[in-house]
file target-v4.pdb (PDB, C-alpha atoms (C1' of nucleotides))
ATOM      1  CA  MET S 307      19.648  77.947  -5.019
ATOM      2  CA  THR S 308      17.828  78.977  -1.907
ATOM      3  CA  ASP S 309      18.156  77.034   1.319
ATOM      4  CA  TYR S 310      14.505  76.389   2.075
ATOM      5  CA  ILE S 311      15.254  74.839   5.441
ATOM      6  CA  GLU S 312      16.936  78.046   6.495
ATOM      7  CA  VAL S 313      14.084  80.180   5.230
ATOM      8  CA  LEU S 314      11.531  78.139   7.140
ATOM      9  CA  LYS S 315      13.450  78.158  10.406
ATOM     10  CA  LYS S 316      14.138  81.839  10.115
ATOM     11  CA  ASN S 317      10.388  82.322  10.015
ATOM     12  CA  ASP S 318       9.632  80.095  12.998
ATOM     13  CA  LEU S 319       8.422  77.108  11.058
ATOM     14  CA  LYS S 320       9.554  73.520  11.334
ATOM     15  CA  ALA S 321      11.334  72.354   8.228
ATOM     16  CA  THR S 322       9.375  69.347   7.045
ATOM     17  CA  ILE S 323      10.032  67.618   3.797
ATOM     18  CA  GLN S 324       6.578  68.609   2.599
ATOM     19  CA  ARG S 325       7.272  72.275   3.197
ATOM     20  CA  THR S 326      10.621  72.328   1.489
ATOM     21  CA  GLY S 327       9.034  70.442  -1.392
ATOM     22  CA  ILE S 328       6.306  73.041  -1.726
ATOM     23  CA  LEU S 329       8.826  75.868  -1.603
ATOM     24  CA  LYS S 330      11.005  74.214  -4.185
ATOM     25  CA  SER S 331       7.997  73.858  -6.451
ATOM     26  CA  ILE S 332       7.020  77.511  -6.035
ATOM     27  CA  ASP S 333      10.565  78.720  -6.523
ATOM     28  CA  ASN S 334      10.917  76.629  -9.608
ATOM     29  CA  ALA S 335       7.722  77.839 -11.213
ATOM     30  CA  GLY S 336       8.068  81.448 -10.138
ATOM     31  CA  HIS S 337       4.291  81.792  -9.788
ATOM     32  CA  ILE S 338       2.054  78.770  -9.315
ATOM     33  CA  ASN S 339      -1.381  77.909  -7.987
ATOM     34  CA  ILE S 340      -2.303  75.262  -5.443
ATOM     35  CA  ASP S 341      -3.418  72.579  -7.864
ATOM     36  CA  ASP S 342      -0.238  72.864  -9.855
ATOM     37  CA  ILE S 343       1.877  72.731  -6.720
ATOM     38  CA  TYR S 344       0.034  69.542  -5.839
ATOM     39  CA  GLU S 345       0.650  67.960  -9.238
ATOM     40  CA  ASP S 346       4.265  68.968  -9.084
ATOM     41  CA  VAL S 347       5.089  67.914  -5.543
ATOM     42  CA  LYS S 348       3.261  64.609  -5.852
ATOM     43  CA  GLU S 349       5.902  63.423  -8.287
ATOM     44  CA  ASN S 350       8.493  63.303  -5.548
ATOM     45  CA  TYR S 351       6.220  62.747  -2.537
ATOM     46  CA  PRO S 352       3.270  60.699  -3.801
ATOM     47  CA  THR S 353       1.625  60.513  -0.383
ATOM     48  CA  LEU S 354       1.529  64.263   0.135
ATOM     49  CA  SER S 355      -2.078  65.368   0.448
ATOM     50  CA  LEU S 356      -3.865  68.397  -0.901
ATOM     51  CA  ALA S 357      -4.999  69.239   2.631
ATOM     52  CA  THR S 358      -1.384  69.526   3.688
ATOM     53  CA  ILE S 359      -0.722  71.955   0.871
ATOM     54  CA  TYR S 360      -3.669  74.119   1.842
ATOM     55  CA  LYS S 361      -2.622  74.143   5.469
ATOM     56  CA  ASN S 362       0.951  75.007   4.649
ATOM     57  CA  ILE S 363       0.210  77.658   2.079
ATOM     58  CA  ILE S 364      -1.940  79.476   4.616
ATOM     59  CA  LEU S 365       0.727  79.065   7.264
ATOM     60  CA  MET S 366       3.619  80.151   5.091
ATOM     61  CA  VAL S 367       1.741  83.202   3.891
ATOM     62  CA  LYS S 368       1.032  84.123   7.485
ATOM     63  CA  HIS S 369       4.701  83.712   8.370
ATOM     64  CA  GLY S 370       5.861  85.756   5.423
ATOM     65  CA  VAL S 371       7.641  82.985   3.571
ATOM     66  CA  ILE S 372       5.466  83.210   0.487
ATOM     67  CA  VAL S 373       3.057  85.739  -0.988
ATOM     68  CA  GLU S 374      -0.323  85.396  -2.631
ATOM     69  CA  VAL S 375      -0.620  86.705  -6.172
ATOM     70  CA  PRO S 376      -4.312  87.032  -7.003
ATOM     71  CA  ILE S 377      -5.046  86.879 -10.704
ATOM     72  CA  ASN S 378      -8.240  88.169 -12.308
ATOM     73  CA  GLY S 379     -10.588  85.337 -13.148
ATOM     74  CA  GLU S 380      -8.281  82.596 -11.912
ATOM     75  CA  LYS S 381      -7.172  80.908  -8.734
ATOM     76  CA  SER S 382      -4.485  82.795  -6.880
ATOM     77  CA  LYS S 383      -0.891  81.926  -7.497
ATOM     78  CA  TYR S 384       1.908  82.029  -4.947
ATOM     79  CA  GLU S 385       5.500  83.189  -5.106
ATOM     80  CA  LEU S 386       8.419  83.319  -2.709
ATOM     81  CA  LYS S 387       8.488  86.494  -0.645
ATOM     82  CA  LYS S 388      10.830  89.087  -2.034
ATOM     83  CA  ASP S 389      11.016  92.827  -2.493
ATOM     84  CA  ASP S 390       7.976  94.491  -4.015
ATOM     85  CA  HIS S 391       7.968  94.181  -7.771
ATOM     86  CA  ILE S 392       5.676  94.526 -10.750
ATOM     87  CA  HIS S 393       3.895  91.597 -12.362
ATOM     88  CA  LEU S 394       3.503  91.674 -16.106
ATOM     89  CA  ILE S 395       0.655  89.280 -16.750
ATOM     90  CA  CYS S 396       0.027  88.226 -20.337
ATOM     91  CA  LYS S 397      -3.681  87.926 -21.055
ATOM     92  CA  SER S 398      -2.950  85.620 -23.937
ATOM     93  CA  CYS S 399      -0.468  83.018 -22.716
ATOM     94  CA  GLY S 400      -0.840  83.599 -18.978
ATOM     95  CA  GLU S 401       2.883  84.037 -18.464
ATOM     96  CA  ILE S 402       3.849  86.214 -15.505
ATOM     97  CA  GLU S 403       7.076  88.176 -15.624
ATOM     98  CA  ASP S 404       8.576  89.994 -12.668
ATOM     99  CA  LYS S 405       9.852  93.504 -13.135
ATOM    100  CA  GLU S 406      11.773  95.450 -10.561
ATOM    101  CA  ILE S 407      10.254  98.578  -9.035
ATOM    102  CA  THR S 408      12.858 101.282  -8.826
ATOM    103  CA  LYS S 409      12.962 103.417  -5.721
ATOM    104  CA  GLU S 410      11.735 106.365  -7.717
ATOM    105  CA  LYS S 411       8.720 104.439  -8.904
ATOM    106  CA  LYS S 412       7.913 103.364  -5.412
ATOM    107  CA  GLN S 413       8.261 106.892  -4.156
ATOM    108  CA  ILE S 414       5.866 108.096  -6.790
ATOM    109  CA  LEU S 415       3.256 105.675  -5.528
ATOM    110  CA  ALA S 416       3.455 107.085  -2.037
ATOM    111  CA  VAL S 417       0.150 108.453  -0.826
ATOM    112  CA  GLU S 418      -0.501 110.927   1.926
ATOM    113  CA  ASN S 419      -2.301 109.708   4.984
ATOM    114  CA  PHE S 420      -1.729 106.068   4.161
ATOM    115  CA  LYS S 421       0.947 103.948   5.798
ATOM    116  CA  LEU S 422       2.032 101.671   2.983
ATOM    117  CA  ASP S 423       2.961  98.104   3.779
ATOM    118  CA  THR S 424       2.912  96.132   0.530
ATOM    119  CA  ALA S 425       2.470  97.291  -3.042
ATOM    120  CA  GLN S 426       0.792  94.903  -5.420
ATOM    121  CA  ILE S 427       1.120  95.991  -9.007
ATOM    122  CA  ASN S 428      -0.252  93.792 -11.730
ATOM    123  CA  LEU S 429      -0.115  94.962 -15.306
ATOM    124  CA  TYR S 430      -2.358  92.986 -17.623
ATOM    125  CA  GLY S 431      -1.584  93.043 -21.327
ATOM    126  CA  LEU S 432       0.323  91.245 -24.054
ATOM    127  CA  CYS S 433       3.859  89.996 -23.690
ATOM    128  CA  LYS S 434       6.357  90.414 -26.484
ATOM    129  CA  LYS S 435       5.942  86.896 -27.756
ATOM    130  CA  CYS S 436       2.166  87.086 -27.976
ATOM    131  CA  GLN S 437       2.246  90.497 -29.642
ATOM    132  CA  SER S 438       4.255  89.062 -32.479
ATOM    133  CA  LEU S 439       1.725  86.289 -33.006
ATOM    134  CA  ILE S 440      -1.069  88.669 -33.929
TER     135      ILE S 440
ATOM    136  CA  MET V 510     -26.552 108.812 -10.479
ATOM    137  CA  THR V 511     -25.596 106.491 -13.277
ATOM    138  CA  ASP V 512     -28.171 105.191 -15.710
ATOM    139  CA  TYR V 513     -27.546 101.472 -15.398
ATOM    140  CA  ILE V 514     -29.948 100.617 -18.197
ATOM    141  CA  GLU V 515     -27.913 102.747 -20.542
ATOM    142  CA  VAL V 516     -24.645 101.200 -19.398
ATOM    143  CA  LEU V 517     -25.939  97.710 -19.952
ATOM    144  CA  LYS V 518     -27.333  98.395 -23.402
ATOM    145  CA  LYS V 519     -24.211 100.182 -24.456
ATOM    146  CA  ASN V 520     -22.361  96.990 -23.660
ATOM    147  CA  ASP V 521     -24.742  94.694 -25.547
ATOM    148  CA  LEU V 522     -26.548  93.344 -22.548
ATOM    149  CA  LYS V 523     -30.277  93.210 -21.932
ATOM    150  CA  ALA V 524     -31.334  95.454 -19.098
ATOM    151  CA  THR V 525     -33.051  93.182 -16.627
ATOM    152  CA  ILE V 526     -34.174  94.285 -13.235
ATOM    153  CA  GLN V 527     -31.712  91.849 -11.661
ATOM    154  CA  ARG V 528     -28.795  93.377 -13.515
ATOM    155  CA  THR V 529     -29.644  96.953 -12.711
ATOM    156  CA  GLY V 530     -30.129  95.890  -9.111
ATOM    157  CA  ILE V 531     -26.682  94.316  -9.018
ATOM    158  CA  LEU V 532     -25.100  97.378 -10.578
ATOM    159  CA  LYS V 533     -26.842  99.670  -8.160
ATOM    160  CA  SER V 534     -25.560  97.589  -5.290
ATOM    161  CA  ILE V 535     -21.991  97.654  -6.600
ATOM    162  CA  ASP V 536     -22.104 101.360  -7.329
ATOM    163  CA  ASN V 537     -23.456 102.039  -3.914
ATOM    164  CA  ALA V 538     -20.826 100.052  -2.079
ATOM    165  CA  GLY V 539     -17.918 101.066  -4.268
ATOM    166  CA  HIS V 540     -16.292  97.663  -3.860
ATOM    167  CA  ILE V 541     -18.286  94.618  -2.846
ATOM    168  CA  ASN V 542     -18.072  90.839  -3.022
ATOM    169  CA  ILE V 543     -20.668  88.419  -4.328
ATOM    170  CA  ASP V 544     -22.153  87.405  -1.002
ATOM    171  CA  ASP V 545     -22.658  90.992   0.023
ATOM    172  CA  ILE V 546     -24.241  91.848  -3.304
ATOM    173  CA  TYR V 547     -26.613  88.965  -2.686
ATOM    174  CA  GLU V 548     -27.543  90.143   0.785
ATOM    175  CA  ASP V 549     -28.021  93.642  -0.489
ATOM    176  CA  VAL V 550     -30.026  92.936  -3.608
ATOM    177  CA  LYS V 551     -32.264  90.412  -1.872
ATOM    178  CA  GLU V 552     -33.807  93.231   0.151
ATOM    179  CA  ASN V 553     -35.457  94.643  -2.928
ATOM    180  CA  TYR V 554     -35.767  91.468  -5.006
ATOM    181  CA  PRO V 555     -36.237  88.631  -2.541
ATOM    182  CA  THR V 556     -36.515  85.981  -5.251
ATOM    183  CA  LEU V 557     -33.230  86.838  -6.881
ATOM    184  CA  SER V 558     -30.943  83.830  -6.692
ATOM    185  CA  LEU V 559     -27.244  83.547  -5.995
ATOM    186  CA  ALA V 560     -26.834  81.626  -9.251
ATOM    187  CA  THR V 561     -28.151  84.620 -11.143
ATOM    188  CA  ILE V 562     -25.602  86.841  -9.473
ATOM    189  CA  TYR V 563     -22.765  84.503 -10.363
ATOM    190  CA  LYS V 564     -23.915  84.295 -13.955
ATOM    191  CA  ASN V 565     -24.301  88.033 -14.285
ATOM    192  CA  ILE V 566     -21.068  88.966 -12.594
ATOM    193  CA  ILE V 567     -19.182  86.757 -15.022
ATOM    194  CA  LEU V 568     -21.131  88.192 -17.936
ATOM    195  CA  MET V 569     -20.755  91.808 -16.918
ATOM    196  CA  VAL V 570     -17.024  91.396 -16.346
ATOM    197  CA  LYS V 571     -16.722  89.879 -19.809
ATOM    198  CA  HIS V 572     -18.656  92.789 -21.309
ATOM    199  CA  GLY V 573     -16.602  95.376 -19.501
ATOM    200  CA  VAL V 574     -19.365  96.764 -17.312
ATOM    201  CA  ILE V 575     -17.667  95.847 -14.054
ATOM    202  CA  VAL V 576     -14.169  94.886 -12.947
ATOM    203  CA  GLU V 577     -12.888  92.265 -10.556
ATOM    204  CA  VAL V 578     -10.811  93.513  -7.635
ATOM    205  CA  PRO V 579      -8.969  90.550  -6.148
ATOM    206  CA  ILE V 580      -8.002  90.991  -2.528
ATOM    207  CA  ASN V 581      -5.324  88.992  -0.745
ATOM    208  CA  GLY V 582      -6.837  86.333   1.450
ATOM    209  CA  GLU V 583     -10.441  87.223   0.678
ATOM    210  CA  LYS V 584     -13.067  86.731  -1.964
ATOM    211  CA  SER V 585     -12.772  89.118  -4.882
ATOM    212  CA  LYS V 586     -14.746  92.303  -4.861
ATOM    213  CA  TYR V 587     -16.248  94.035  -7.866
ATOM    214  CA  GLU V 588     -16.491  97.657  -8.899
ATOM    215  CA  LEU V 589     -17.981  99.557 -11.810
ATOM    216  CA  LYS V 590     -15.584  99.888 -14.723
ATOM    217  CA  LYS V 591     -13.819 103.222 -14.786
ATOM    218  CA  ASP V 592     -10.409 104.625 -15.591
ATOM    219  CA  ASP V 593      -7.451 102.854 -14.034
ATOM    220  CA  HIS V 594      -6.903 103.949 -10.473
ATOM    221  CA  ILE V 595      -5.100 102.933  -7.327
ATOM    222  CA  HIS V 596      -6.729 100.984  -4.505
ATOM    223  CA  LEU V 597      -5.692 101.835  -0.996
ATOM    224  CA  ILE V 598      -6.648  98.766   0.989
ATOM    225  CA  CYS V 599      -6.576  99.043   4.761
ATOM    226  CA  LYS V 600      -5.323  95.832   6.350
ATOM    227  CA  SER V 601      -7.038  96.755   9.570
ATOM    228  CA  CYS V 602     -10.562  97.858   8.711
ATOM    229  CA  GLY V 603     -10.746  96.487   5.183
ATOM    230  CA  GLU V 604     -11.827  99.799   3.733
ATOM    231  CA  ILE V 605     -10.869 100.371   0.095
ATOM    232  CA  GLU V 606     -10.277 103.894  -1.133
ATOM    233  CA  ASP V 607      -9.829 104.834  -4.765
ATOM    234  CA  LYS V 608      -7.028 107.146  -5.733
ATOM    235  CA  GLU V 609      -6.561 108.629  -9.165
ATOM    236  CA  ILE V 610      -3.501 107.692 -11.213
ATOM    237  CA  THR V 611      -2.063 110.754 -12.838
ATOM    238  CA  LYS V 612      -0.844 110.496 -16.405
ATOM    239  CA  GLU V 613       2.710 110.854 -15.205
ATOM    240  CA  LYS V 614       2.323 107.942 -12.846
ATOM    241  CA  LYS V 615       0.857 105.810 -15.564
ATOM    242  CA  GLN V 616       3.638 106.749 -17.894
ATOM    243  CA  ILE V 617       6.165 105.723 -15.330
ATOM    244  CA  LEU V 618       4.643 102.278 -15.179
ATOM    245  CA  ALA V 619       5.092 101.784 -18.906
ATOM    246  CA  VAL V 620       7.278  98.808 -19.692
ATOM    247  CA  GLU V 621       9.145  98.040 -22.870
ATOM    248  CA  ASN V 622       8.018  95.092 -24.901
ATOM    249  CA  PHE V 623       4.715  94.825 -23.095
ATOM    250  CA  LYS V 624       1.448  96.100 -24.515
ATOM    251  CA  LEU V 625      -0.379  97.323 -21.433
ATOM    252  CA  ASP V 626      -4.100  96.872 -21.241
ATOM    253  CA  THR V 627      -5.130  97.305 -17.600
ATOM    254  CA  ALA V 628      -3.135  98.387 -14.589
ATOM    255  CA  GLN V 629      -4.150  96.938 -11.265
ATOM    256  CA  ILE V 630      -2.485  98.708  -8.378
ATOM    257  CA  ASN V 631      -3.364  97.668  -4.857
ATOM    258  CA  LEU V 632      -1.566  99.269  -1.962
ATOM    259  CA  TYR V 633      -1.995  97.405   1.308
ATOM    260  CA  GLY V 634      -1.424  99.292   4.525
ATOM    261  CA  LEU V 635      -3.110 101.372   7.177
ATOM    262  CA  CYS V 636      -5.629 104.091   6.434
ATOM    263  CA  LYS V 637      -5.561 107.359   8.297
ATOM    264  CA  LYS V 638      -8.317 106.368  10.671
ATOM    265  CA  CYS V 639      -6.710 103.085  11.689
ATOM    266  CA  GLN V 640      -3.282 104.688  12.124
ATOM    267  CA  SER V 641      -4.708 106.971  14.739
ATOM    268  CA  LEU V 642      -6.141 104.041  16.667
ATOM    269  CA  ILE V 643      -2.749 102.508  17.372
TER     270      ILE V 643
ATOM    271  C1'  DC P1151      10.442  63.188  25.120
ATOM    272  C1'  DT P1152       7.124  66.789  23.559
ATOM    273  C1'  DT P1153       5.081  69.313  20.387
ATOM    274  C1'  DC P1154       3.577  70.077  16.133
ATOM    275  C1'  DA P1155       2.730  68.264  11.172
ATOM    276  C1'  DT P1156       0.791  64.907   8.130
ATOM    277  C1'  DG P1157      -2.704  62.182   5.673
ATOM    278  C1'  DC P1158      -6.986  60.523   5.390
ATOM    279  C1'  DA P1159     -11.862  60.870   5.259
ATOM    280  C1'  DA P1160     -15.585  63.498   6.115
ATOM    281  C1'  DA P1161     -17.762  68.146   6.417
ATOM    282  C1'  DT P1162     -18.521  72.546   4.649
ATOM    283  C1'  DA P1163     -18.345  76.288   1.367
ATOM    284  C1'  DA P1164     -18.115  78.108  -3.270
ATOM    285  C1'  DT P1165     -19.272  77.895  -7.922
ATOM    286  C1'  DT P1166     -21.449  75.895 -12.026
ATOM    287  C1'  DT P1167     -24.934  73.581 -14.633
ATOM    288  C1'  DG P1168     -29.467  72.039 -16.764
ATOM    289  C1'  DC P1169     -33.835  73.007 -17.541
ATOM    290  C1'  DA P1170     -38.717  74.686 -17.364
ATOM    291  C1'  DG P1171     -40.916  78.864 -16.985
ATOM    292  C1'  DT P1172     -40.574  84.314 -17.979
ATOM    293  C1'  DA P1173     -39.424  88.615 -19.525
ATOM    294  C1'  DA P1174     -36.943  91.923 -22.790
ATOM    295  C1'  DG P1175     -36.624  93.913 -27.173
TER     296       DG P1175
ATOM    297  C1'  DC B 766     -42.638  86.552 -31.684
ATOM    298  C1'  DT B 767     -37.877  85.136 -30.571
ATOM    299  C1'  DT B 768     -34.108  85.030 -27.991
ATOM    300  C1'  DA B 769     -32.020  85.350 -23.952
ATOM    301  C1'  DC B 770     -32.613  85.489 -18.686
ATOM    302  C1'  DT B 771     -34.140  83.766 -14.235
ATOM    303  C1'  DG B 772     -34.739  80.672 -10.327
ATOM    304  C1'  DC B 773     -34.509  76.389  -8.567
ATOM    305  C1'  DA B 774     -32.373  72.119  -7.445
ATOM    306  C1'  DA B 775     -28.787  69.237  -8.283
ATOM    307  C1'  DA B 776     -23.875  68.558  -9.520
ATOM    308  C1'  DT B 777     -19.334  69.828  -9.194
ATOM    309  C1'  DT B 778     -15.313  71.921  -7.375
ATOM    310  C1'  DA B 779     -12.748  74.170  -3.744
ATOM    311  C1'  DT B 780     -11.473  74.540   0.892
ATOM    312  C1'  DT B 781     -11.529  73.306   5.828
ATOM    313  C1'  DT B 782     -11.721  70.299   9.770
ATOM    314  C1'  DG B 783     -10.940  66.406  13.192
ATOM    315  C1'  DC B 784      -8.295  62.972  14.551
ATOM    316  C1'  DA B 785      -4.991  59.022  14.803
ATOM    317  C1'  DT B 786      -0.300  58.356  13.520
ATOM    318  C1'  DG B 787       4.365  59.903  12.630
ATOM    319  C1'  DA B 788       8.300  63.118  12.404
ATOM    320  C1'  DA B 789      11.118  67.331  13.923
ATOM    321  C1'  DG B 790      13.769  69.571  17.283
TER     322       DG B 790
END
call {"tool": "encode", "arguments": {"input": "target-v4.pdb", "output": "structure tokens"}}
result
Amino acid sequence: MTDYIEVLKKNDLKATIQRTGILKSIDNAGHINIDDIYEDVKENYPTLSLATIYKNIILMVKHGVIVEVPINGEKSKYELKKDDHIHLICKSCGEIEDKEITKEKKQILAVENFKLDTAQINLYGLCKKCQSLI
Amino acid sequence: MTDYIEVLKKNDLKATIQRTGILKSIDNAGHINIDDIYEDVKENYPTLSLATIYKNIILMVKHGVIVEVPINGEKSKYELKKDDHIHLICKSCGEIEDKEITKEKKQILAVENFKLDTAQINLYGLCKKCQSLI
DNA sequence: CTTCATGCAAATAATTTGCAGTAAG
DNA sequence: CTTACTGCAAATTATTTGCATGAAG
């Protein structure tokens, strides 16, 4: 269980109850879009507004607390910041699974004349469960 | 120079002047978002409407003529459909460069229990030009 | 205390839709 | 011919902004 208050302060952000609530929601879901965060957080903080979520998502991305995960044909989802990893995105059920990138894999992606900051690797296909349903 | 009429027909789409215009614009830019397509195409077809672009982008993505390239914190760009490749996205100037994925690299990305369809690899960092400006 | 965050309502931007008139095959 | 496409205007949805009040450090 992550200490969201710590994470926020470490990244120069005040720890408000709205922010920890949003982080808890993201952490819980793994990957989640703004509307779903709103639905989720509202349960515990009914007065929390969508505008507050927008403002905070932008802010927390800027401060490196969370990361945007753009998905083809959908609204972006967000996840807690962690080491680069691969997203396995199921085109059938929409489930997103994280997969570690080994050092060797990352090395292989290295490109000359380009100073790499973040690698975003999304593999679209069919997860095990959905394959078996065909 | 690609024959856009051919491409469209091959993918079961009528070849209208608006569609070939959009494809030409995308091909020309490499990677371009909807607003910029609009600005570009309007020069030659001033009556072409933004609604038509939206409708056709959605349609051409569905038919596999073009591909969405989501970019963190921006509106998605679009490119002509081609073999999977890597995008080098410069965080400074915004330039996107395509880089081939060798078979070995693609093999390395293979994951058990996941039937891969499309690989989307975006590397965010600094291009050569922008590195030298620091 | 002091500064920054929240919530609301209102503004703006982005995308979608319906429909009458056109064009492609 | 027949079916599907376009352009327009209107509707909807998504996102941003300003400001008075309230909470964090």
call {"tool": "residues_around", "arguments": {"input": "target-v4.pdb", "residues": "stretch 430-436 of chain S", "least_positions_apart": "3", "cutoff": "10 Å", "atoms": "all atoms listed in the file", "output": "count of residues only"}}
result
25
call {"tool": "interface_residues", "arguments": {"input": "target-v4.pdb", "of": "chain S", "to": "chain B", "cutoff": "10 Å", "atoms": "all atoms listed in the file", "output": "list in words"}}
result
Lys320, Ala321, Thr322, Ile323, Leu356, Ala357, Tyr360 and Lys361 of chain S
call {"tool": "closest_residue", "arguments": {"input": "target-v4.pdb", "among": "P:DC1154, P:DA1159, P:DC1169, P:DA1164", "to": "chain V", "atoms": "only C-alpha atoms (C1' of nucleotides)"}}
result
P:DA1164
call {"tool": "closest_atom_pairs", "arguments": {"input": "target-v4.pdb", "of": "chain P", "to": "chain V", "cutoff": "9 Å", "atoms": "only C-alpha atoms (C1' of nucleotides)", "output": "JSON lines"}}
result
{"residue": "P:DT1165", "atom": "C1'", "partner": "V:Tyr563", "partner_atom": "CA", "distance": 7.9}
{"residue": "P:DT1166", "atom": "C1'", "partner": "V:Ala560", "partner_atom": "CA", "distance": 8.3}
{"residue": "P:DA1173", "atom": "C1'", "partner": "V:Thr525", "partner_atom": "CA", "distance": 8.4}
{"residue": "P:DA1174", "atom": "C1'", "partner": "V:Lys523", "partner_atom": "CA", "distance": 6.8}
{"residue": "P:DG1175", "atom": "C1'", "partner": "V:Lys523", "partner_atom": "CA", "distance": 8.3}
call {"tool": "write_last_selection", "arguments": {"input": "target-v4.pdb", "atoms": "C-alpha atoms (C1' of nucleotides)", "output": "PDB file, in the frame of the given file"}}
result
ATOM      1  C1'  DT P1165     -19.272  77.895  -7.922  1.00  0.00           C
ATOM      2  C1'  DT P1166     -21.449  75.895 -12.026  1.00  0.00           C
ATOM      3  C1'  DA P1173     -39.424  88.615 -19.525  1.00  0.00           C
ATOM      4  C1'  DA P1174     -36.943  91.923 -22.790  1.00  0.00           C
ATOM      5  C1'  DG P1175     -36.624  93.913 -27.173  1.00  0.00           C
TER       6       DG P1175
END
call {"tool": "closest_residue", "arguments": {"input": "target-v4.pdb", "among": "V:Leu589, V:Glu609, V:Lys551, V:Val578", "to": "chain S", "atoms": "all atoms listed in the file"}}
result
V:Val578
call {"tool": "resolve_selection", "arguments": {"input": "target-v4.pdb", "expression": "the PyMOL selection byres ((chain V and resi 527) around 9)", "output": "list in words"}}
result
Ala524, Thr525, Ile526, Arg528, Thr529, Gly530, Ile531, Leu532, Val550, Tyr554, Leu557, Thr561, Ile562 and Asn565 of chain V; DT771 of chain B
